[in-house]
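Undergrad: Just passing along the structure, written as structure tokens.
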Amino acid sequence: MLHVEHNGLSRVHPSLLAAQDRAAKALEARGAKVERTTIPGLSKSVLFWAALLSETGGEDFGVVLGGGERVHVLRELAKLTLGRSQHTFPALALAAIEVIPKMMPGDTKRAIVLAHAFRKELEDRIGDGVMLYPTYTMPAPRHGAALWRPIDWAYTALINVMELPSTAVPLGLDDAGLPLGCQVVAGNGQDHRSIRVALELEKVLGGWVPPPMLSS
């Protein structure tokens with residue numbers, strides 16, 4: 001079983017890392033062989049996500065956002081700072097990110113090849129086991145705060161486009177009463193492994209805990 005704490009792009013909050021470590025130790029105590037490791041290719045999560053998304057075909061998001069013509073991201077960002085853009089920052093960030101593969105030497109096709117190669121590497125590393133991996137960078141951000149951290153979703157987005165089964169597991173609350181958790185990722189078609197490990201963690205660590213305001 002792999003225990004991976006970050007993707008090399010976005011720092012993960014210590015409380016989430018501590019919760020994931022408790023999960024790894026709980027499984028280790030039950031006989032699992034845990035490998036605490038880093039996977040360098042995860043630092044290209046946004047690039048691989050954009051490449052695999054482009055492979056699906058259809059109109060680019062930036063074109064849809066612009067009503068048929070690619071939205072001018074820099075212009076709209078300038079307007080956004082003045083409160084005059086009709087688009088949100090995450091939408092404009094997404095429109096900018098999706099063109100990254102096209103800017104690489106060898107164009108989008110090369111990025112797609114690299115993404116598929118990394119998917120195979122990741123599946124080979126996971127093998128018949130699972131990977132414990134963060135779902136996000138912080139516990140329950142304040143309303144609107146996530147809008148200004150446009151690549152933190154890469155922790156789940158990459159797993160999604162690589163078509164790997166993932167089960168989110170609740171791991172209690174932090175000192176502020178905010179929910180903690182991680183995801184259990186398995187190889188393609190191995191959903192039962194991800195779910196089985198998640199169920200075991202739920203049983204051992206107590207599962208979902210109601211926040212203080214709901215427990216009274």
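Chain lettering (A, B, ...) mirrors the order of the structure tokens, residue numbering begins at 1 for each chain separately, and ligand numbering begins at 1 in order of display.
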Give the alpha helix (DSSP H) residues of segment 117-176 of chain A, as assigned by DSSP on the backbone, as a PyMOL selection string.
TA: chain A and resi 117-126+154-161
Undergrad: Env of segment 132-138 of chain A: 6 Å cut, atoms = only C-alpha atoms, seq-sep filter 6 positions within chain, self excluded. Answer as a list in words.
TA: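 With the cut-off at 6 Å, the set is His3, Val4, Val12, His13, Tyr155, Thr156, Cys182, Gln183 and Val184 of chain A.
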Undergrad: Could you pull out the strand (DSSP E or B) residues of segment 94-172 of chain A from DSSP and send them as a list in words?
TA: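 The strand (DSSP E or B) subset of segment 94-172 of chain A is Met131, Leu132, Tyr133, Ser166, Thr167, Ala168, Val169, Pro170, Leu171 and Gly172 of chain A.
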Undergrad: I need the chosen residues saved as a short mmCIF file (atom, residue, chain, number, x, y, z; two decimals), in the first residue's frame, with all heavy atoms.
TA:
```
data_model
loop_
_atom_site.label_atom_id
_atom_site.label_comp_id
_atom_site.auth_asym_id
_atom_site.auth_seq_id
_atom_site.Cartn_x
_atom_site.Cartn_y
_atom_site.Cartn_z
N MET A 131 -3.62 3.23 -2.80
CA MET A 131 -2.80 4.40 -2.46
C MET A 131 -3.62 5.34 -1.59
O MET A 131 -4.73 5.75 -1.97
CB MET A 131 -2.35 5.12 -3.73
CG MET A 131 -1.54 6.38 -3.46
SD MET A 131 -0.89 7.19 -4.97
CE MET A 131 -2.38 7.93 -5.67
N LEU A 132 -3.10 5.69 -0.42
CA LEU A 132 -3.70 6.73 0.40
C LEU A 132 -3.17 8.07 -0.12
O LEU A 132 -1.95 8.26 -0.25
CB LEU A 132 -3.33 6.56 1.87
CG LEU A 132 -3.80 5.28 2.58
CD1 LEU A 132 -3.46 5.35 4.06
CD2 LEU A 132 -5.30 5.07 2.39
N TYR A 133 -4.09 9.01 -0.37
CA TYR A 133 -3.70 10.25 -1.04
C TYR A 133 -4.68 11.34 -0.60
O TYR A 133 -5.88 11.08 -0.42
CB TYR A 133 -3.79 10.01 -2.55
CG TYR A 133 -3.18 11.07 -3.43
CD1 TYR A 133 -1.88 11.53 -3.23
CD2 TYR A 133 -3.89 11.59 -4.51
CE1 TYR A 133 -1.31 12.47 -4.07
CE2 TYR A 133 -3.32 12.53 -5.36
CZ TYR A 133 -2.03 12.97 -5.14
OH TYR A 133 -1.46 13.90 -5.97
N SER A 166 -11.63 5.70 -6.74
CA SER A 166 -11.20 6.36 -5.51
C SER A 166 -12.38 6.47 -4.56
O SER A 166 -13.49 6.81 -4.97
CB SER A 166 -10.65 7.75 -5.83
OG SER A 166 -10.37 8.46 -4.65
N THR A 167 -12.12 6.19 -3.30
CA THR A 167 -13.15 6.30 -2.27
C THR A 167 -12.70 7.29 -1.21
O THR A 167 -11.61 7.13 -0.64
CB THR A 167 -13.42 4.93 -1.59
OG1 THR A 167 -13.73 3.96 -2.60
CG2 THR A 167 -14.59 5.03 -0.62
N ALA A 168 -13.49 8.32 -0.97
CA ALA A 168 -13.17 9.31 0.06
C ALA A 168 -13.55 8.75 1.42
O ALA A 168 -14.65 8.21 1.59
CB ALA A 168 -13.90 10.62 -0.21
N VAL A 169 -12.63 8.88 2.39
CA VAL A 169 -12.84 8.30 3.72
C VAL A 169 -12.83 9.40 4.78
O VAL A 169 -11.87 10.17 4.86
CB VAL A 169 -11.73 7.29 4.05
CG1 VAL A 169 -12.04 6.58 5.36
CG2 VAL A 169 -11.55 6.29 2.94
N PRO A 170 -13.87 9.50 5.61
CA PRO A 170 -13.85 10.46 6.72
C PRO A 170 -12.90 9.98 7.80
O PRO A 170 -12.87 8.80 8.15
CB PRO A 170 -15.31 10.47 7.21
CG PRO A 170 -15.85 9.13 6.81
CD PRO A 170 -15.15 8.76 5.54
N LEU A 171 -12.09 10.91 8.33
CA LEU A 171 -11.08 10.55 9.33
C LEU A 171 -11.18 11.45 10.57
O LEU A 171 -10.17 11.88 11.13
CB LEU A 171 -9.68 10.65 8.72
CG LEU A 171 -9.38 9.71 7.54
CD1 LEU A 171 -8.02 10.03 6.93
CD2 LEU A 171 -9.44 8.25 7.99
N GLY A 172 -12.40 11.74 10.99
CA GLY A 172 -12.59 12.53 12.20
C GLY A 172 -12.57 14.02 11.96
O GLY A 172 -12.72 14.50 10.84
#
```
Undergrad: With distances taken over only C-alpha atoms, which residue among A:Gly8, A:Pro179, A:Gly144, A:Gly68 lies nearest Pro40 of chain A?
TA: A:Gly8
Undergrad: Calculated over only C-alpha atoms, which of the candidates A:Val185, A:Val130, A:Leu158, A:Ile97 has the smallest distance to Ser43 of chain A?
TA: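 For Ser43 of chain A, the nearest of the candidates is A:Leu158.
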Undergrad: Of the candidates A:Pro139, A:Gly129, A:His72, A:Thr38, which one gets nearest to Asp175 of chain A if we count only C-alpha atoms?
TA: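 Of all the options, A:Pro139 lies closest to Asp175 of chain A.
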Undergrad: Between A:Gly177, A:Gly31, A:Gly66, A:Gly187, single out the one closest to Pro211 of chain A, counting only C-alpha atoms.
TA: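 For Pro211 of chain A, the nearest of the candidates is A:Gly177.
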